[in-house]
Amino acid sequence: GFSLPAQVRPAAEDFRQAGYRTAAFVSAFPLDRRFGFDRGFETYDDHLPKGNDPRRTPYVERFADATTDAALRWLAAVPGAAAAPERPFFLWVHYYDPHAPYEPPGEFAARFRTAPYDGEVAFADQQLGRLLRALEERGVLARTLVVAMSDHGEGLGEHGEGTHGLFVYDSTLKVPFIVAGP
């Protein structure tokens, strides 16, 4: 895997130095702490299930609902009144679901039978919604900067590329980058 070079200063270190609580909840092996991505985080949750699916090796993943559950447990434990946490926080929640093999869970498998990649995106979106609702319920969403982005797109058959990593076309390069907040 790719390791974060020692000379690179992660944003989490700056947030932590500025007095923020810092936490990350990641969903896939490429972000395992052994690669240095935990630098600057007080909490770095990379607890991934042991995989036995040869299609996913070595990229063991934790599904978005389990990652969201872990992040919500952390958020619920942040000290201070619901509308005024003791310290501001920097929270990174990473979802890995929209990756091959495309097998969305439960209702999403049925709803997106002919477009399973879309089903995985919809499932991740549902989990992001849970996280945003929790921030709203705590009274902090209105003053929270939310950044959502993807690391890459998927070829989905365009240019003969099923997933990503072979070619440099818009289908894999153009990604969502959303910034919302005060």
# chains A, B, ... in the order shown; residues from 1 in each chain; ligands from 1
$ closest_atom_pairs --of "stretch 67-146 of chain A" --to "stretch 22-28 of chain A" --cutoff "6 Å" --atoms "only C-alpha atoms" --output "CSV"
residue,atom,partner,partner_atom,distance
A:Phe89,CA,A:Thr22,CA,5.8
A:Phe90,CA,A:Thr22,CA,4.9
A:Leu91,CA,A:Ala23,CA,5.0
A:Trp92,CA,A:Ala24,CA,4.5
A:Val93,CA,A:Phe25,CA,4.9
A:His94,CA,A:Val26,CA,4.7
A:Tyr95,CA,A:Ser27,CA,5.5
A:Tyr96,CA,A:Ser27,CA,5.7
$ select_by_dssp --residues "chain A" --states "strand (DSSP E)" --output "list in words"
Arg21, Thr22, Ala23, Ala24, Phe25, Thr43, Tyr44, Asp45, Gly80, Ala81, Ala84, Pro85, Phe89, Phe90, Leu91, Trp92, Val93, Val146, Val147, Ala148, Met149, Phe177, Ile178, Val179 and Ala180 of chain A
$ closest_atom_pairs --of "stretch 85-166 of chain A" --to "stretch 64-74 of chain A" --cutoff "7 Å" --atoms "only C-alpha atoms" --output "Markdown table"
| residue | atom | partner | partner_atom | distance |
| --- | --- | --- | --- | --- |
| A:Tyr95 | CA | A:Ala64 | CA | 5.5 |
| A:Asp97 | CA | A:Ala64 | CA | 6.5 |
| A:Ala124 | CA | A:Ala64 | CA | 5.9 |
| A:Gln127 | CA | A:Asp65 | CA | 6.0 |
| A:Leu131 | CA | A:Thr68 | CA | 6.7 |
$ write_last_selection --atoms "C-alpha atoms" --output "short mmCIF file (atom, residue, chain, number, x, y, z; two decimals), in the first residue's frame"
data_model
loop_
_atom_site.label_atom_id
_atom_site.label_comp_id
_atom_site.auth_asym_id
_atom_site.auth_seq_id
_atom_site.Cartn_x
_atom_site.Cartn_y
_atom_site.Cartn_z
CA TYR A 95 -16.83 4.97 2.95
CA ASP A 97 -18.79 0.65 -0.56
CA ALA A 124 -23.31 5.16 1.10
CA GLN A 127 -25.31 6.41 5.64
CA LEU A 131 -24.33 11.13 9.97
#
$ select_by_dssp --residues "chain A" --states "alpha helix (DSSP H)" --output "ChimeraX atom specification"
/A:11-17,64-76,106-111,116-137,170-173
$ residues_around --residues "A:Ser3" --least-positions-apart "3" --cutoff "10 Å" --atoms "only C-alpha atoms" --output "PyMOL selection string"
chain A and resi 6+30-37
$ residues_around --residues "A:Pro49" --least-positions-apart "3" --cutoff "9 Å" --atoms "only C-alpha atoms" --output "PDB file with N, CA and C atoms, in the first residue's frame"
ATOM      1  N   VAL A  60      -9.820  -5.568   2.343  1.00  0.00           N
ATOM      2  CA  VAL A  60     -10.880  -5.872   3.292  1.00  0.00           C
ATOM      3  C   VAL A  60     -11.608  -4.559   3.570  1.00  0.00           C
ATOM      4  N   GLU A  61     -12.929  -4.617   3.629  1.00  0.00           N
ATOM      5  CA  GLU A  61     -13.682  -3.393   3.867  1.00  0.00           C
ATOM      6  C   GLU A  61     -14.698  -3.560   4.981  1.00  0.00           C
ATOM      7  N   ARG A  62     -15.008  -2.430   5.602  1.00  0.00           N
ATOM      8  CA  ARG A  62     -16.101  -2.352   6.569  1.00  0.00           C
ATOM      9  C   ARG A  62     -17.219  -1.602   5.843  1.00  0.00           C
TER      10      ARG A  62
END
$ residues_around --residues "A:Leu132" --least-positions-apart "2" --cutoff "12 Å" --atoms "only C-alpha atoms" --output "list in words"
Thr68, Ala71, Leu72, Leu75, Leu91, Val93, Asp125, Gln126, Gln127, Leu128, Gly129, Arg130, Ala134, Leu135, Glu136, Glu137, Arg138, Gly139, Val140, Leu141, Ala142, Thr144, Leu145, Val146, Val147, Ala148, Ala180 and Gly181 of chain A
$ write_last_selection --atoms "N, CA and C atoms" --output "mmCIF file, in the first residue's frame"
data_model
loop_
_atom_site.group_PDB
_atom_site.id
_atom_site.type_symbol
_atom_site.label_atom_id
_atom_site.label_comp_id
_atom_site.auth_asym_id
_atom_site.auth_seq_id
_atom_site.Cartn_x
_atom_site.Cartn_y
_atom_site.Cartn_z
ATOM 1 N N THR A 68 -20.507 4.129 9.916
ATOM 2 C CA THR A 68 -21.356 5.193 10.446
ATOM 3 C C THR A 68 -21.691 4.928 11.909
ATOM 4 N N ALA A 71 -18.740 5.971 13.982
ATOM 5 C CA ALA A 71 -18.602 7.428 14.023
ATOM 6 C C ALA A 71 -19.676 8.046 14.923
ATOM 7 N N LEU A 72 -20.895 7.517 14.866
ATOM 8 C CA LEU A 72 -21.974 8.047 15.700
ATOM 9 C C LEU A 72 -21.727 7.776 17.181
ATOM 10 N N LEU A 75 -19.253 10.427 18.162
ATOM 11 C CA LEU A 75 -19.906 11.726 18.208
ATOM 12 C C LEU A 75 -20.778 11.858 19.453
ATOM 13 N N LEU A 91 -13.705 15.561 11.984
ATOM 14 C CA LEU A 91 -14.121 14.171 11.867
ATOM 15 C C LEU A 91 -14.022 13.740 10.410
ATOM 16 N N VAL A 93 -14.889 10.645 7.981
ATOM 17 C CA VAL A 93 -15.610 9.385 7.837
ATOM 18 C C VAL A 93 -15.429 8.937 6.394
ATOM 19 N N ASP A 125 -24.780 6.982 0.416
ATOM 20 C CA ASP A 125 -25.492 8.246 0.579
ATOM 21 C C ASP A 125 -26.455 8.172 1.764
ATOM 22 N N GLN A 126 -27.146 7.050 1.919
ATOM 23 C CA GLN A 126 -28.053 6.870 3.053
ATOM 24 C C GLN A 126 -27.286 6.982 4.367
ATOM 25 N N GLN A 127 -26.112 6.375 4.413
ATOM 26 C CA GLN A 127 -25.312 6.406 5.636
ATOM 27 C C GLN A 127 -24.771 7.810 5.918
ATOM 28 N N LEU A 128 -24.400 8.528 4.879
ATOM 29 C CA LEU A 128 -23.988 9.925 5.051
ATOM 30 C C LEU A 128 -25.161 10.730 5.605
ATOM 31 N N GLY A 129 -26.368 10.431 5.142
ATOM 32 C CA GLY A 129 -27.559 11.086 5.679
ATOM 33 C C GLY A 129 -27.735 10.838 7.162
ATOM 34 N N ARG A 130 -27.473 9.624 7.609
ATOM 35 C CA ARG A 130 -27.539 9.319 9.050
ATOM 36 C C ARG A 130 -26.560 10.187 9.832
ATOM 37 N N ALA A 134 -27.429 13.172 12.609
ATOM 38 C CA ALA A 134 -26.886 13.172 13.971
ATOM 39 C C ALA A 134 -26.249 14.521 14.299
ATOM 40 N N LEU A 135 -25.559 15.104 13.349
ATOM 41 C CA LEU A 135 -24.976 16.436 13.572
ATOM 42 C C LEU A 135 -26.084 17.469 13.777
ATOM 43 N N GLU A 136 -27.164 17.338 13.001
ATOM 44 C CA GLU A 136 -28.290 18.259 13.138
ATOM 45 C C GLU A 136 -28.955 18.084 14.503
ATOM 46 N N GLU A 137 -29.136 16.844 14.931
ATOM 47 C CA GLU A 137 -29.752 16.578 16.233
ATOM 48 C C GLU A 137 -28.911 17.118 17.382
ATOM 49 N N ARG A 138 -27.597 17.142 17.215
ATOM 50 C CA ARG A 138 -26.706 17.702 18.243
ATOM 51 C C ARG A 138 -26.697 19.222 18.199
ATOM 52 N N GLY A 139 -27.294 19.795 17.170
ATOM 53 C CA GLY A 139 -27.344 21.244 17.043
ATOM 54 C C GLY A 139 -26.067 21.850 16.489
ATOM 55 N N VAL A 140 -25.242 21.042 15.840
ATOM 56 C CA VAL A 140 -23.964 21.569 15.346
ATOM 57 C C VAL A 140 -23.865 21.615 13.821
ATOM 58 N N LEU A 141 -24.818 21.042 13.107
ATOM 59 C CA LEU A 141 -24.711 20.985 11.646
ATOM 60 C C LEU A 141 -24.660 22.385 11.032
ATOM 61 N N ALA A 142 -25.449 23.312 11.561
ATOM 62 C CA ALA A 142 -25.512 24.657 10.987
ATOM 63 C C ALA A 142 -24.177 25.388 11.058
ATOM 64 N N THR A 144 -21.167 23.596 11.022
ATOM 65 C CA THR A 144 -20.173 22.596 10.664
ATOM 66 C C THR A 144 -19.891 22.665 9.169
ATOM 67 N N LEU A 145 -18.643 22.671 8.819
ATOM 68 C CA LEU A 145 -18.248 22.604 7.416
ATOM 69 C C LEU A 145 -18.205 21.132 7.031
ATOM 70 N N VAL A 146 -18.985 20.756 6.027
ATOM 71 C CA VAL A 146 -19.048 19.374 5.564
ATOM 72 C C VAL A 146 -18.416 19.328 4.178
ATOM 73 N N VAL A 147 -17.447 18.440 4.021
ATOM 74 C CA VAL A 147 -16.778 18.257 2.736
ATOM 75 C C VAL A 147 -16.965 16.798 2.342
ATOM 76 N N ALA A 148 -17.498 16.578 1.155
ATOM 77 C CA ALA A 148 -17.683 15.216 0.653
ATOM 78 C C ALA A 148 -17.021 15.122 -0.714
ATOM 79 N N ALA A 180 -20.138 22.261 1.902
ATOM 80 C CA ALA A 180 -21.356 22.900 2.378
ATOM 81 C C ALA A 180 -21.161 23.307 3.837
ATOM 82 N N GLY A 181 -21.756 24.408 4.210
ATOM 83 C CA GLY A 181 -21.665 24.834 5.597
ATOM 84 C C GLY A 181 -21.845 26.319 5.743
#
$ atom_distance --atom1 "atom CA of A:Arg21" --atom2 "atom CA of A:Phe2"
25.9 Å
$ residues_around --residues "A:His159" --least-positions-apart "3" --cutoff "10 Å" --atoms "only C-alpha atoms" --output "NGL selection string"
:A and (155-156 or 162 or 167 or 169 or 171)
$ atom_distance --atom1 "atom CA of A:Glu86" --atom2 "atom CA of A:Gly19"
10.4 Å
$ residues_around --residues "A:Gly119" --least-positions-apart "5" --cutoff "7 Å" --atoms "only C-alpha atoms" --output "PyMOL selection string"
chain A and resi 104+108-109+112
$ write_last_selection --atoms "N, CA and C atoms" --output "compact mmCIF listing (two decimals), in the first residue's frame"
# COMPACT_ATOMS: atom_id res chain seq x y z
N PRO A 104 -24.74 -4.21 -3.51
CA PRO A 104 -25.39 -3.39 -2.49
C PRO A 104 -26.20 -4.26 -1.53
N PHE A 108 -31.35 -2.17 -1.28
CA PHE A 108 -30.65 -1.53 -2.39
C PHE A 108 -30.33 -2.53 -3.51
N ALA A 109 -30.12 -3.79 -3.15
CA ALA A 109 -29.86 -4.83 -4.15
C ALA A 109 -31.10 -5.00 -5.02
N PHE A 112 -31.86 -1.60 -7.09
CA PHE A 112 -30.87 -1.29 -8.12
C PHE A 112 -30.37 -2.57 -8.78
$ atom_distance --atom1 "atom CA of A:Ser150" --atom2 "atom CA of A:Arg113"
23.2 Å
$ closest_residue --among "A:Ala77, A:Tyr117, A:Asn52, A:Val179" --to "A:Gly157" --atoms "only C-alpha atoms"
A:Tyr117
$ decode --residues "stretch 127-167 of chain A" --atoms "N, CA and C atoms" --output "short mmCIF file (atom, residue, chain, number, x, y, z; two decimals), in the first residue's frame"
data_model
loop_
_atom_site.label_atom_id
_atom_site.label_comp_id
_atom_site.auth_asym_id
_atom_site.auth_seq_id
_atom_site.Cartn_x
_atom_site.Cartn_y
_atom_site.Cartn_z
N GLN A 127 -26.11 6.37 4.41
CA GLN A 127 -25.31 6.41 5.64
C GLN A 127 -24.77 7.81 5.92
N LEU A 128 -24.40 8.53 4.88
CA LEU A 128 -23.99 9.92 5.05
C LEU A 128 -25.16 10.73 5.60
N GLY A 129 -26.37 10.43 5.14
CA GLY A 129 -27.56 11.09 5.68
C GLY A 129 -27.73 10.84 7.16
N ARG A 130 -27.47 9.62 7.61
CA ARG A 130 -27.54 9.32 9.05
C ARG A 130 -26.56 10.19 9.83
N LEU A 131 -25.36 10.33 9.30
CA LEU A 131 -24.33 11.13 9.97
C LEU A 131 -24.75 12.60 10.03
N LEU A 132 -25.25 13.14 8.92
CA LEU A 132 -25.68 14.53 8.90
C LEU A 132 -26.86 14.77 9.84
N ARG A 133 -27.80 13.82 9.92
CA ARG A 133 -28.92 13.94 10.85
C ARG A 133 -28.43 13.99 12.30
N ALA A 134 -27.43 13.17 12.61
CA ALA A 134 -26.89 13.17 13.97
C ALA A 134 -26.25 14.52 14.30
N LEU A 135 -25.56 15.10 13.35
CA LEU A 135 -24.98 16.44 13.57
C LEU A 135 -26.08 17.47 13.78
N GLU A 136 -27.16 17.34 13.00
CA GLU A 136 -28.29 18.26 13.14
C GLU A 136 -28.96 18.08 14.50
N GLU A 137 -29.14 16.84 14.93
CA GLU A 137 -29.75 16.58 16.23
C GLU A 137 -28.91 17.12 17.38
N ARG A 138 -27.60 17.14 17.22
CA ARG A 138 -26.71 17.70 18.24
C ARG A 138 -26.70 19.22 18.20
N GLY A 139 -27.29 19.79 17.17
CA GLY A 139 -27.34 21.24 17.04
C GLY A 139 -26.07 21.85 16.49
N VAL A 140 -25.24 21.04 15.84
CA VAL A 140 -23.96 21.57 15.35
C VAL A 140 -23.86 21.62 13.82
N LEU A 141 -24.82 21.04 13.11
CA LEU A 141 -24.71 20.99 11.65
C LEU A 141 -24.66 22.38 11.03
N ALA A 142 -25.45 23.31 11.56
CA ALA A 142 -25.51 24.66 10.99
C ALA A 142 -24.18 25.39 11.06
N ARG A 143 -23.30 24.96 11.96
CA ARG A 143 -21.99 25.62 12.04
C ARG A 143 -20.84 24.64 11.76
N THR A 144 -21.17 23.60 11.02
CA THR A 144 -20.17 22.60 10.66
C THR A 144 -19.89 22.66 9.17
N LEU A 145 -18.64 22.67 8.82
CA LEU A 145 -18.25 22.60 7.42
C LEU A 145 -18.20 21.13 7.03
N VAL A 146 -18.98 20.76 6.03
CA VAL A 146 -19.05 19.37 5.56
C VAL A 146 -18.42 19.33 4.18
N VAL A 147 -17.45 18.44 4.02
CA VAL A 147 -16.78 18.26 2.74
C VAL A 147 -16.97 16.80 2.34
N ALA A 148 -17.50 16.58 1.15
CA ALA A 148 -17.68 15.22 0.65
C ALA A 148 -17.02 15.12 -0.71
N MET A 149 -16.24 14.07 -0.87
CA MET A 149 -15.59 13.87 -2.16
C MET A 149 -15.30 12.41 -2.39
N SER A 150 -14.98 12.09 -3.62
CA SER A 150 -14.64 10.73 -4.00
C SER A 150 -13.19 10.68 -4.42
N ASP A 151 -12.57 9.53 -4.28
CA ASP A 151 -11.18 9.40 -4.68
C ASP A 151 -11.03 9.14 -6.18
N HIS A 152 -12.07 8.58 -6.78
CA HIS A 152 -12.04 8.29 -8.22
C HIS A 152 -13.43 7.89 -8.67
N GLY A 153 -13.63 7.90 -9.97
CA GLY A 153 -14.87 7.38 -10.53
C GLY A 153 -14.65 5.93 -10.94
N GLU A 154 -15.65 5.37 -11.58
CA GLU A 154 -15.56 4.00 -12.08
C GLU A 154 -15.85 4.02 -13.58
N GLY A 155 -15.12 3.19 -14.32
CA GLY A 155 -15.31 3.12 -15.76
C GLY A 155 -16.66 2.57 -16.16
N LEU A 156 -17.15 1.57 -15.43
CA LEU A 156 -18.45 0.95 -15.70
C LEU A 156 -18.62 0.57 -17.17
N GLY A 157 -17.52 0.14 -17.76
CA GLY A 157 -17.57 -0.33 -19.14
C GLY A 157 -17.14 0.69 -20.18
N GLU A 158 -17.09 1.96 -19.82
CA GLU A 158 -16.64 2.97 -20.78
C GLU A 158 -15.18 2.70 -21.15
N HIS A 159 -14.87 2.83 -22.43
CA HIS A 159 -13.51 2.64 -22.94
C HIS A 159 -12.96 1.26 -22.59
N GLY A 160 -13.85 0.30 -22.33
CA GLY A 160 -13.43 -1.05 -22.02
C GLY A 160 -12.89 -1.23 -20.60
N GLU A 161 -13.10 -0.24 -19.75
CA GLU A 161 -12.62 -0.32 -18.36
C GLU A 161 -13.79 -0.57 -17.42
N GLY A 162 -13.76 -1.70 -16.74
CA GLY A 162 -14.85 -2.05 -15.83
C GLY A 162 -14.85 -1.26 -14.54
N THR A 163 -13.66 -1.03 -13.98
CA THR A 163 -13.59 -0.33 -12.69
C THR A 163 -12.76 0.95 -12.84
N HIS A 164 -11.52 0.95 -12.37
CA HIS A 164 -10.68 2.14 -12.46
C HIS A 164 -9.22 1.73 -12.36
N GLY A 165 -8.34 2.63 -12.73
CA GLY A 165 -6.91 2.39 -12.54
C GLY A 165 -6.13 2.09 -13.79
N LEU A 166 -6.81 1.84 -14.91
CA LEU A 166 -6.08 1.53 -16.14
C LEU A 166 -5.92 2.75 -17.03
N PHE A 167 -7.00 3.51 -17.19
CA PHE A 167 -7.00 4.61 -18.15
C PHE A 167 -7.21 5.94 -17.45
#
